[in-house]
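J.: This is start-v1.txt (compact mmCIF, C-alpha atoms).
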# COMPACT_ATOMS: atom_id res chain seq x y z
CA MET A 919 35.21 -0.65 -129.23
CA ALA A 920 34.63 -1.86 -132.77
CA LEU A 921 34.54 0.62 -135.63
CA GLU A 922 32.42 0.35 -138.76
CA VAL A 923 33.90 1.03 -142.16
CA PRO A 924 31.50 3.13 -144.27
CA SER A 925 30.38 1.23 -147.35
CA ASN A 926 32.16 3.58 -149.78
CA ILE A 927 35.59 2.93 -148.20
CA PRO A 928 37.34 -0.33 -149.21
CA ARG A 929 38.28 -2.19 -146.03
CA GLU A 930 41.46 -4.05 -147.02
CA PRO A 931 43.29 -1.02 -148.46
CA LEU A 932 42.24 0.98 -145.39
CA LEU A 933 43.79 -1.57 -143.02
CA ARG A 934 46.91 -1.77 -145.19
CA PHE A 935 47.19 2.00 -145.05
CA LEU A 936 46.85 2.12 -141.22
CA VAL A 937 49.38 -0.68 -140.69
CA ALA A 938 51.91 0.98 -143.01
CA LEU A 939 51.59 4.21 -141.01
CA ALA A 940 51.94 2.33 -137.73
CA ASP A 941 54.90 0.23 -138.90
CA ASP A 942 56.87 3.32 -139.96
CA GLU A 943 56.29 4.92 -136.55
CA LEU A 944 57.16 1.81 -134.55
CA VAL A 945 60.33 1.05 -136.48
CA LEU A 946 61.62 4.64 -136.45
CA GLY A 947 60.68 4.96 -132.76
CA HIS A 948 62.81 1.90 -132.06
CA ARG A 949 65.76 3.28 -134.03
CA ASP A 950 65.50 6.59 -132.15
CA SER A 951 65.45 4.74 -128.84
CA GLU A 952 68.85 3.25 -129.73
CA TRP A 953 70.35 6.67 -128.90
CA THR A 954 69.30 6.36 -125.28
CA GLY A 955 72.59 6.43 -123.38
CA HIS A 956 74.63 7.01 -126.57
CA ALA A 957 73.73 10.43 -128.02
CA PRO A 958 76.61 12.90 -128.42
CA ILE A 959 75.23 15.12 -125.68
CA LEU A 960 73.02 14.48 -122.68
CA GLU A 961 70.28 16.89 -123.73
CA GLU A 962 69.95 15.22 -127.16
CA ASP A 963 69.97 11.83 -125.49
CA ILE A 964 66.86 12.83 -123.57
CA ALA A 965 65.30 14.62 -126.56
CA PHE A 966 65.64 11.54 -128.80
CA SER A 967 64.38 9.21 -126.10
CA ASN A 968 61.37 11.50 -125.82
CA ILE A 969 60.81 11.57 -129.59
CA ALA A 970 61.16 7.76 -129.66
CA GLN A 971 58.36 7.41 -127.12
CA ASP A 972 56.17 9.84 -129.07
CA GLU A 973 56.65 7.90 -132.33
CA ILE A 974 55.85 4.59 -130.65
CA GLY A 975 52.79 6.29 -129.13
CA HIS A 976 51.68 7.30 -132.64
CA SER A 977 52.12 3.71 -133.84
CA LEU A 978 49.83 2.59 -131.01
CA VAL A 979 47.10 4.98 -132.22
CA TRP A 980 47.13 3.44 -135.72
CA TYR A 981 47.54 -0.18 -134.55
CA THR A 982 44.62 0.31 -132.16
CA MET A 983 42.46 1.60 -134.98
CA ASN A 984 43.51 -1.39 -137.09
CA GLU A 985 42.34 -3.67 -134.26
CA GLN A 986 39.03 -1.80 -133.92
CA LEU A 987 38.46 -2.45 -137.61
CA GLY A 988 38.99 -6.18 -137.16
CA GLY A 989 42.81 -6.46 -137.40
CA LYS A 990 45.15 -8.11 -134.89
CA SER A 991 45.98 -6.50 -131.53
CA PRO A 992 48.74 -3.89 -131.25
CA ASP A 993 50.84 -6.29 -129.12
CA TRP A 994 50.54 -9.00 -131.74
CA MET A 995 51.49 -6.59 -134.49
CA GLY A 996 54.58 -5.42 -132.63
CA PHE A 997 55.72 -8.48 -130.72
CA GLU A 998 54.50 -11.59 -132.51
CA ARG A 999 54.44 -10.70 -136.17
CA ASN A 1000 57.19 -12.06 -138.40
CA TRP A 1001 59.56 -9.33 -139.61
CA LYS A 1002 58.79 -10.27 -143.22
CA HIS A 1003 55.21 -9.10 -142.71
CA PHE A 1004 56.11 -5.56 -141.68
CA THR A 1005 55.25 -2.94 -144.31
CA SER A 1006 57.47 -0.12 -143.09
CA CYS A 1007 59.63 1.65 -145.69
CA HIS A 1008 63.33 0.71 -145.80
CA PHE A 1009 64.19 4.26 -144.73
CA VAL A 1010 63.03 3.90 -141.12
CA ALA A 1011 64.78 0.56 -140.56
CA HIS A 1012 68.21 1.70 -141.72
CA PRO A 1013 70.74 1.47 -138.84
CA LYS A 1014 71.09 4.66 -136.85
CA GLY A 1015 74.69 5.28 -138.02
CA ASP A 1016 76.18 8.72 -137.58
CA PHE A 1017 74.24 11.23 -135.47
CA ALA A 1018 74.10 13.44 -138.60
CA TYR A 1019 72.15 10.66 -140.35
CA THR A 1020 69.75 10.42 -137.42
CA VAL A 1021 69.15 14.18 -137.50
CA ILE A 1022 68.55 14.23 -141.27
CA ARG A 1023 66.35 11.13 -141.17
CA GLN A 1024 64.28 12.54 -138.32
CA TYR A 1025 63.76 15.83 -140.14
CA LEU A 1026 62.82 14.17 -143.47
CA PHE A 1027 60.48 11.78 -141.65
CA ASP A 1028 58.90 14.51 -139.49
CA VAL A 1029 58.01 16.59 -142.55
CA GLY A 1030 56.70 13.45 -144.27
CA GLU A 1031 54.52 12.73 -141.27
CA GLN A 1032 53.35 16.33 -141.16
CA VAL A 1033 52.22 16.48 -144.79
CA ARG A 1034 50.49 13.11 -144.39
CA LEU A 1035 48.70 14.18 -141.18
CA ASN A 1036 47.69 17.52 -142.72
CA SER A 1037 46.07 15.59 -145.55
CA LEU A 1038 44.39 13.19 -143.10
CA CYS A 1039 42.85 16.13 -141.22
CA SER A 1040 40.33 16.28 -144.07
CA SER A 1041 39.90 12.50 -144.33
CA SER A 1042 36.41 11.23 -145.10
CA PHE A 1043 36.95 8.50 -142.46
CA VAL A 1044 36.23 10.37 -139.21
CA PRO A 1045 38.32 8.23 -136.79
CA VAL A 1046 41.40 8.81 -139.01
CA LYS A 1047 40.66 12.53 -139.19
CA GLU A 1048 40.36 12.82 -135.39
CA ALA A 1049 43.53 10.81 -134.71
CA ALA A 1050 45.49 12.90 -137.23
CA GLU A 1051 44.40 16.15 -135.57
CA LYS A 1052 45.61 14.84 -132.21
CA ILE A 1053 48.99 13.53 -133.41
CA LEU A 1054 49.65 16.69 -135.39
CA GLN A 1055 49.80 18.72 -132.17
CA GLU A 1056 52.84 16.70 -131.04
CA GLU A 1057 54.46 16.69 -134.45
CA GLY A 1058 54.94 20.46 -134.44
CA TYR A 1059 57.53 20.18 -131.72
CA HIS A 1060 59.35 17.28 -133.41
CA ILE A 1061 59.77 19.34 -136.57
CA MET A 1062 60.93 22.39 -134.65
CA HIS A 1063 63.61 20.29 -132.97
CA SER A 1064 64.89 18.34 -135.98
CA ARG A 1065 64.76 21.42 -138.20
CA SER A 1066 66.74 23.49 -135.66
CA LEU A 1067 69.48 20.84 -135.67
CA VAL A 1068 69.53 20.64 -139.49
CA GLU A 1069 69.82 24.42 -139.85
CA ARG A 1070 72.66 24.64 -137.35
CA LEU A 1071 74.69 21.56 -138.26
CA GLY A 1072 74.44 22.24 -142.02
CA ASN A 1073 76.12 25.60 -141.59
CA ALA A 1074 78.35 25.11 -138.54
CA THR A 1075 81.82 23.72 -139.30
CA ASN A 1076 83.45 21.91 -142.21
CA GLU A 1077 83.15 18.66 -140.34
CA SER A 1078 79.48 19.10 -139.45
CA HIS A 1079 78.66 20.17 -143.01
CA THR A 1080 80.51 17.20 -144.55
CA ARG A 1081 78.77 14.72 -142.26
CA MET A 1082 75.34 16.28 -142.88
CA GLN A 1083 75.86 16.23 -146.68
CA ALA A 1084 76.86 12.55 -146.54
CA ALA A 1085 73.73 11.89 -144.48
CA VAL A 1086 71.51 13.69 -147.02
CA ASP A 1087 73.07 11.77 -149.94
CA LEU A 1088 72.21 8.50 -148.22
CA ALA A 1089 68.84 9.48 -146.72
CA PHE A 1090 67.13 11.38 -149.53
CA PRO A 1091 66.51 8.45 -151.95
CA GLN A 1092 65.56 6.28 -148.96
CA ALA A 1093 63.10 8.92 -147.75
CA LEU A 1094 61.29 8.84 -151.11
CA GLY A 1095 60.33 5.28 -150.12
CA MET A 1096 57.93 6.77 -147.55
CA PHE A 1097 55.69 7.63 -150.51
CA GLU A 1098 55.70 4.24 -152.24
CA GLU A 1099 52.24 3.53 -153.67
CA LEU A 1100 50.13 1.15 -151.60
CA ALA A 1101 48.10 -1.64 -153.18
CA GLY A 1102 44.54 -0.30 -153.52
CA GLU A 1103 45.61 3.27 -152.89
CA ASN A 1104 43.54 4.68 -155.74
CA GLU A 1105 40.35 3.40 -154.15
CA LEU A 1106 41.24 5.15 -150.87
CA VAL A 1107 41.93 8.39 -152.70
CA LYS A 1108 38.62 8.09 -154.54
CA ALA A 1109 36.81 7.56 -151.23
CA GLY A 1110 38.50 10.66 -149.79
CA VAL A 1111 40.46 8.81 -147.08
CA PHE A 1112 43.72 10.54 -148.03
CA SER A 1113 45.13 12.48 -150.94
CA GLY A 1114 47.52 9.86 -152.36
CA ASN A 1115 51.27 9.34 -152.05
CA GLU A 1116 52.22 11.11 -155.28
CA LEU A 1117 50.74 14.40 -154.09
CA LEU A 1118 52.14 13.93 -150.57
CA GLN A 1119 55.62 13.42 -151.98
CA GLN A 1120 55.35 16.63 -154.01
CA LEU A 1121 54.26 18.59 -150.91
CA TRP A 1122 57.11 17.00 -148.94
CA VAL A 1123 59.72 17.93 -151.56
CA GLU A 1124 58.44 21.53 -151.62
CA SER A 1125 58.78 21.66 -147.81
CA VAL A 1126 62.21 20.11 -147.32
CA VAL A 1127 64.11 21.58 -150.28
CA PRO A 1128 64.13 25.24 -149.09
CA VAL A 1129 65.18 24.25 -145.54
CA LEU A 1130 67.98 21.91 -146.64
CA THR A 1131 69.16 24.42 -149.26
CA ALA A 1132 69.31 27.17 -146.62
CA ALA A 1133 71.42 24.76 -144.55
CA SER A 1134 73.88 24.62 -147.52
CA LEU A 1135 72.95 21.00 -148.27
CA LYS A 1136 72.72 19.84 -151.88
CA LEU A 1137 69.85 17.69 -153.13
CA PRO A 1138 69.12 15.81 -156.37
CA VAL A 1139 66.23 18.17 -157.12
CA ASP A 1140 65.80 20.63 -160.03
CA THR A 1141 63.56 23.66 -159.83
CA LYS A 1142 62.15 25.03 -163.08
CA ASN A 1143 59.35 27.62 -163.26
CA GLY A 1144 58.53 26.88 -159.63
CA THR A 1145 58.17 23.13 -160.21
CA MET A 1146 60.54 20.82 -158.37
CA THR A 1147 61.64 17.61 -160.07
CA VAL A 1148 63.42 14.82 -158.18
CA HIS A 1149 66.34 13.07 -159.87
CA ALA A 1150 66.85 10.12 -157.55
CA LYS A 1151 65.67 6.55 -157.52
CA ALA A 1152 63.37 5.93 -154.56
CA ASP A 1153 64.33 3.05 -152.24
CA GLU A 1154 61.03 1.20 -152.46
CA GLY A 1155 59.66 -2.26 -151.71
CA GLY A 1156 58.95 -1.98 -148.00
CA ARG A 1157 55.23 -1.40 -148.55
CA LYS A 1158 55.09 -4.66 -150.51
CA GLY A 1159 56.81 -6.49 -147.68
CA TRP A 1160 60.17 -6.81 -149.44
CA GLN A 1161 62.22 -6.20 -146.32
CA LYS A 1162 65.96 -6.06 -145.74
CA GLU A 1163 68.18 -7.65 -143.09
CA HIS A 1164 68.25 -4.34 -141.15
CA LEU A 1165 64.60 -4.81 -140.31
CA LYS A 1166 65.15 -8.43 -139.31
CA GLN A 1167 67.77 -7.40 -136.74
CA LEU A 1168 65.55 -4.57 -135.46
CA VAL A 1169 62.46 -6.75 -135.05
CA GLU A 1170 64.51 -9.42 -133.26
CA ASP A 1171 65.68 -6.76 -130.76
CA LEU A 1172 62.17 -5.39 -130.41
CA GLN A 1173 60.67 -8.83 -129.69
CA THR A 1174 63.42 -10.27 -127.45
CA VAL A 1175 61.84 -9.56 -124.07
CA TYR A 1176 58.31 -10.44 -125.18
CA LYS A 1177 59.48 -13.80 -126.51
CA LEU A 1178 61.09 -14.75 -123.21
CA SER A 1179 57.56 -15.04 -121.86
CA PRO A 1180 54.97 -14.88 -124.65
CA GLY A 1181 51.67 -13.41 -123.52
CA GLY A 1182 53.22 -12.17 -120.26
CA SER A 1183 52.18 -8.79 -118.90
CA TRP A 1184 53.53 -6.30 -116.41
CA MET B 1002 92.46 21.12 -125.30
CA MET B 1003 89.65 23.14 -126.87
CA ASP B 1004 86.46 23.20 -124.83
CA THR B 1005 83.90 21.42 -127.01
CA GLN B 1006 81.04 21.77 -124.53
CA TRP B 1007 78.16 24.07 -125.33
CA GLU B 1008 77.45 26.89 -122.92
CA THR B 1009 75.02 26.34 -120.09
CA TYR B 1010 71.71 28.13 -119.66
CA GLU B 1011 69.86 28.43 -116.36
CA VAL B 1012 66.24 27.28 -116.63
CA PHE B 1013 63.27 28.93 -114.91
CA HIS B 1014 59.97 27.11 -114.92
CA GLN B 1015 56.47 28.53 -114.34
CA THR B 1016 53.65 26.13 -113.49
CA LYS B 1017 50.77 28.46 -114.26
CA ARG B 1018 50.38 31.97 -115.50
CA GLY B 1019 50.90 34.50 -112.69
CA ASP B 1020 53.09 32.17 -110.60
CA PRO B 1021 56.75 33.03 -110.13
CA HIS B 1022 59.30 31.45 -112.49
CA VAL B 1023 61.30 29.05 -110.34
CA HIS B 1024 64.89 28.01 -111.02
CA VAL B 1025 64.88 24.26 -111.75
CA GLY B 1026 68.35 23.58 -113.20
CA ALA B 1027 70.49 24.15 -116.27
CA VAL B 1028 70.93 22.79 -119.81
CA HIS B 1029 73.73 22.79 -122.40
CA ALA B 1030 72.79 24.48 -125.67
CA PRO B 1031 74.44 26.26 -128.63
CA ASP B 1032 72.07 29.25 -128.50
CA PRO B 1033 69.00 30.57 -126.62
CA HIS B 1034 66.49 29.11 -129.09
CA MET B 1035 67.91 25.60 -128.71
CA ALA B 1036 68.20 26.14 -124.96
CA LEU B 1037 64.42 26.61 -124.80
CA GLN B 1038 63.92 23.34 -126.69
CA MET B 1039 66.35 21.49 -124.44
CA ALA B 1040 64.69 22.98 -121.35
CA ARG B 1041 61.30 21.83 -122.62
CA ASP B 1042 62.55 18.24 -122.93
CA GLN B 1043 64.37 18.20 -119.58
CA PHE B 1044 61.91 20.08 -117.41
CA ALA B 1045 58.50 20.57 -119.05
CA ARG B 1046 57.74 17.06 -120.24
CA ARG B 1047 56.36 15.69 -116.99
CA LEU B 1048 55.78 18.90 -115.01
CA LYS B 1049 52.79 21.03 -115.89
CA CYS B 1050 54.20 24.14 -117.51
CA SER B 1051 52.90 27.47 -118.80
CA SER B 1052 56.20 29.25 -119.49
CA ILE B 1053 59.97 28.74 -119.44
CA TRP B 1054 62.77 31.29 -119.27
CA VAL B 1055 66.40 30.51 -120.08
CA VAL B 1056 69.32 32.77 -119.18
CA ARG B 1057 72.93 32.23 -120.25
CA SER B 1058 74.63 31.13 -117.02
CA LYS B 1059 77.53 33.51 -117.48
CA ASP B 1060 75.09 36.44 -117.71
CA VAL B 1061 73.92 35.83 -114.15
CA ALA B 1062 75.69 38.15 -111.69
CA ARG B 1063 76.33 36.19 -108.54
CA THR B 1064 77.72 36.64 -105.03
CA ASP B 1065 80.85 34.89 -103.88
CA TYR B 1066 80.39 32.19 -101.22
CA GLN B 1067 83.80 33.19 -99.79
CA ASP B 1068 82.70 36.79 -99.19
CA GLU B 1069 80.82 36.37 -95.95
CA THR B 1070 80.83 40.09 -95.18
CA PHE B 1071 78.33 40.64 -98.01
CA PHE B 1072 75.54 39.21 -95.87
CA ALA B 1073 77.00 40.04 -92.43
CA GLN B 1074 74.48 41.04 -89.73
CA ALA B 1075 76.84 41.99 -86.89
CA THR B 1076 74.73 44.19 -84.64
CA ASP B 1077 71.39 43.40 -83.04
CA LYS B 1078 68.63 44.14 -85.56
CA SER B 1079 65.82 42.25 -83.89
CA TYR B 1080 63.91 45.55 -83.56
CA ARG B 1081 63.44 45.38 -87.34
CA ASP B 1082 61.65 42.07 -87.17
CA PRO B 1083 57.87 42.08 -87.17
CA LYS B 1084 58.03 40.29 -83.81
CA ALA B 1085 59.20 43.60 -82.21
CA PHE B 1086 55.68 44.95 -82.53
CA GLU B 1087 53.21 43.13 -80.41
CA ALA B 1088 49.64 43.41 -81.50
CA PRO B 1089 46.91 42.81 -78.91
CA ASP B 1090 44.91 39.64 -79.60
CA LYS B 1091 41.63 41.48 -79.81
CA GLY B 1092 42.37 44.97 -80.96
CA GLU B 1093 39.63 47.51 -81.41
CA HIS B 1094 39.34 48.86 -84.93
What's the structure tokens form of this structure?
T.:
Amino acid sequence: MALEVPSNIPREPLLRFLVALADDELVLGHRDSEWTGHAPILEEDIAFSNIAQDEIGHSLVWYTMNEQLGGKSPDWMGFERNWKHFTSCHFVAHPKGDFAYTVIRQYLFDVGEQVRLNSLCSSSFVPVKEAAEKILQEEGYHIMHSRSLVERLGNATNESHTRMQAAVDLAFPQALGMFEELAGENELVKAGVFSGNELLQQLWVESVVPVLTAASLKLPVDTKNGTMTVHAKADEGGRKGWQKEHLKQLVEDLQTVYKLSPGGSW
Amino acid sequence: MMDTQWETYEVFHQTKRGDPHVHVGAVHAPDPHMALQMARDQFARRLKCSSIWVVRSKDVARTDYQDETFFAQATDKSYRDPKAFEAPDKGEH
């Protein structure tokens, strides 16, 4: 089913926007799946495998829309594309590391996804609006789960607190990379497709700071007269395709089976 | 060695409103709220589900398998069974 782009919406920035969304979801979904069989407890092993499948499912929604608008197929995007052409942020490709890092990353990403989807629920491009409404239903549970872990591990023992703080110190500047400006973004904002990364980042900061603070975790954020200011350098470049070796390794893993028999199906 | 395992919670699953909650297994969790989330992932992801209960396993009072006298039925009680009352096939009402 082909989709038409209304004349007031610029096509190239729209496709770039959809692929960036999809790439983040696919790459993080793959990282989450690396816990399958390795999580510190069986129940979390299953929970993260479940979340991994959900994130990859979300990537399929956006890749499919990209295809309907004239882009390449979802399989091509995931299995044949060169890693240097992914536009995911560096944050999602970072190796899974300590479980504390995975928990913090998942929480920061889930809230990022939530503020983005909330904004897309009033998108002027109806297929995006409808997809966002659908995905948002699943995202509520993801946030509940990652937030519950953050709240408990931040305040549990000295060891859990120390590991969570180290995870926040590493993850927070990386997470800001989720909101790197996309080429042509202003045109999309003008056409009402979404509300722009600068605003989304502000909403995200206002959401995550109170939760992390209540979990006794310190952040490079100042609050003055109700306005929060971030003092950290965002880890950007992913949206421009400046990717790191971490992504290369991940994409090689992701494409191994497919490349044994290109075009094969099961 | 200190026991580092979380407590277990028994999980009861209800397919649709009005049905009984049926015991389906147990999960490890640090508290009841997390136990509900764990139970959702283990038991409500593929099964249709309208409600879940979790109960801390150690809060369940239970009989002892060794104590056979608890369920003993020594004397003939067949007169208590419904089969002791024979209803005619075509009774008049």
J.: Please measure the separation of atom CA of Ala1074 of chain A and atom CA of Leu1121 of chain A, giving the value in Å to one decimal.
T.: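 If I compute the distance from atom CA of Ala1074 of chain A to atom CA of Leu1121 of chain A, I get 27.9 Å.
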J.: Would you kindly report the residues of chain A within 9 Å of chain B, using all atoms listed in the file, as a compact mmCIF listing (two decimals) with C-alpha atoms, in the coordinates of the input?
T.:
# COMPACT_ATOMS: atom_id res chain seq x y z
CA ILE A 959 75.23 15.12 -125.68
CA LEU A 960 73.02 14.48 -122.68
CA GLU A 961 70.28 16.89 -123.73
CA GLU A 962 69.95 15.22 -127.16
CA ILE A 964 66.86 12.83 -123.57
CA ALA A 965 65.30 14.62 -126.56
CA ASN A 968 61.37 11.50 -125.82
CA TYR A 1059 57.53 20.18 -131.72
CA MET A 1062 60.93 22.39 -134.65
CA HIS A 1063 63.61 20.29 -132.97
CA SER A 1066 66.74 23.49 -135.66
CA LEU A 1067 69.48 20.84 -135.67
J.: I'd like the neighbourhood of Lys1014 of chain A as a ChimeraX atom specification, where a residue qualifies if any of its atoms comes within 8 Å (using all atoms listed in the file), though same-chain residues fewer than 5 positions away should be ignored.
T.: /A:949-950,952,1019-1020
J.: Tell me, in Å to one decimal, how far atom CA of Arg1157 of chain A is from atom CA of Lys1108 of chain A.
T.: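 These atoms are spaced 20.0 Å apart.
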J.: One decimal, Å: what's the distance from atom CA of Arg929 of chain A over to atom CA of Cys1007 of chain A, could you say?
T.: 21.7 Å
J.: Leaving out Ala938 of chain A and any residue of its chain fewer than 6 positions from it, which residues lie within 12 Å of it when counting only C-alpha atoms, given as a list of chain:residue names?
T.: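 The neighbour list is A:Pro931, A:Leu932, A:Leu944, A:Val945, A:Ser977, A:Trp980, A:Tyr981, A:Asn984, A:Met995, A:His1003, A:Phe1004, A:Thr1005, A:Ser1006, A:Cys1007, A:His1008, A:Val1010, A:Gly1095, A:Met1096, A:Phe1097, A:Glu1098, A:Glu1099, A:Leu1100, A:Ala1101, A:Glu1103, A:Gly1156, A:Arg1157, A:Lys1158, A:Gly1159.
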J.: What are the centre and edge lengths in Å, to one decimal, of the axis-aligned box around all listed atoms of segment 1025-1041 of chain B with 3 Å added on each side, as AutoDock Vina command-line options?
T.:
--center_x 67.9 --center_y 26.0 --center_z -120.4 --size_x 19.1 --size_y 15.1 --size_z 23.3
J.: Excluding Ser1037 of chain A and its own-chain neighbours fewer than 2 positions away, which residues fall within 12 Å of it when counting all atoms listed in the file? Please give them as a VMD selection string.
T.: chain A and resid 1030 to 1035 1039 to 1043 1046 to 1048 1050 to 1051 1054 1107 1110 to 1115 1117 to 1119 1121 to 1122
J.: Set the distance at 10 Å and use all atoms listed in the file: which residues neighbour Lys1166 of chain A once local chain neighbours fewer than 4 positions away are removed? I'd like the list as a PyMOL selection string.
T.: chain A and resi 1000-1002+1004+1011+1161-1162+1170-1172
J.: So that I can check the surroundings of Thr1131 of chain A, please list as a list in words every protein, DNA and RNA residue that reaches within 10 Å of it, counting only C-alpha atoms and ignoring chain neighbours fewer than 5 positions away.
T.: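 In the requested format, the answer is Glu1069, Gly1072, Val1126, Lys1136 and Leu1137 of chain A.
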J.: Please produce an output containing C-alpha atoms for each residue in the selection, written as a PDB file, in the coordinates of the input.
T.:
ATOM      1  CA  GLU A1069      69.820  24.420-139.850  1.00  0.00           C
ATOM      2  CA  GLY A1072      74.440  22.240-142.020  1.00  0.00           C
ATOM      3  CA  VAL A1126      62.210  20.110-147.320  1.00  0.00           C
ATOM      4  CA  LYS A1136      72.720  19.840-151.880  1.00  0.00           C
ATOM      5  CA  LEU A1137      69.850  17.690-153.130  1.00  0.00           C
TER       6      LEU A1137
END
J.: Show me as a list in words the residues that reach within 12 Å of (69.0, 34.3, -119.3), counting all atoms listed in the file and using the file's own coordinates.
T.: Glu1008, Thr1009, Tyr1010, Glu1011, Val1012, Phe1013, His1024, Ala1027, Val1028, Asp1032, Pro1033, His1034, Ala1036, Leu1037, Ile1053, Trp1054, Val1055, Val1056, Arg1057, Ser1058, Lys1059, Asp1060, Val1061 and Ala1062 of chain B
J.: Taking into account only C-alpha atoms, which residue in the set B:Pro1021, B:Arg1063, B:Asp1090, B:Pro1083 is nearest to Ser1051 of chain B?
T.: B:Pro1021
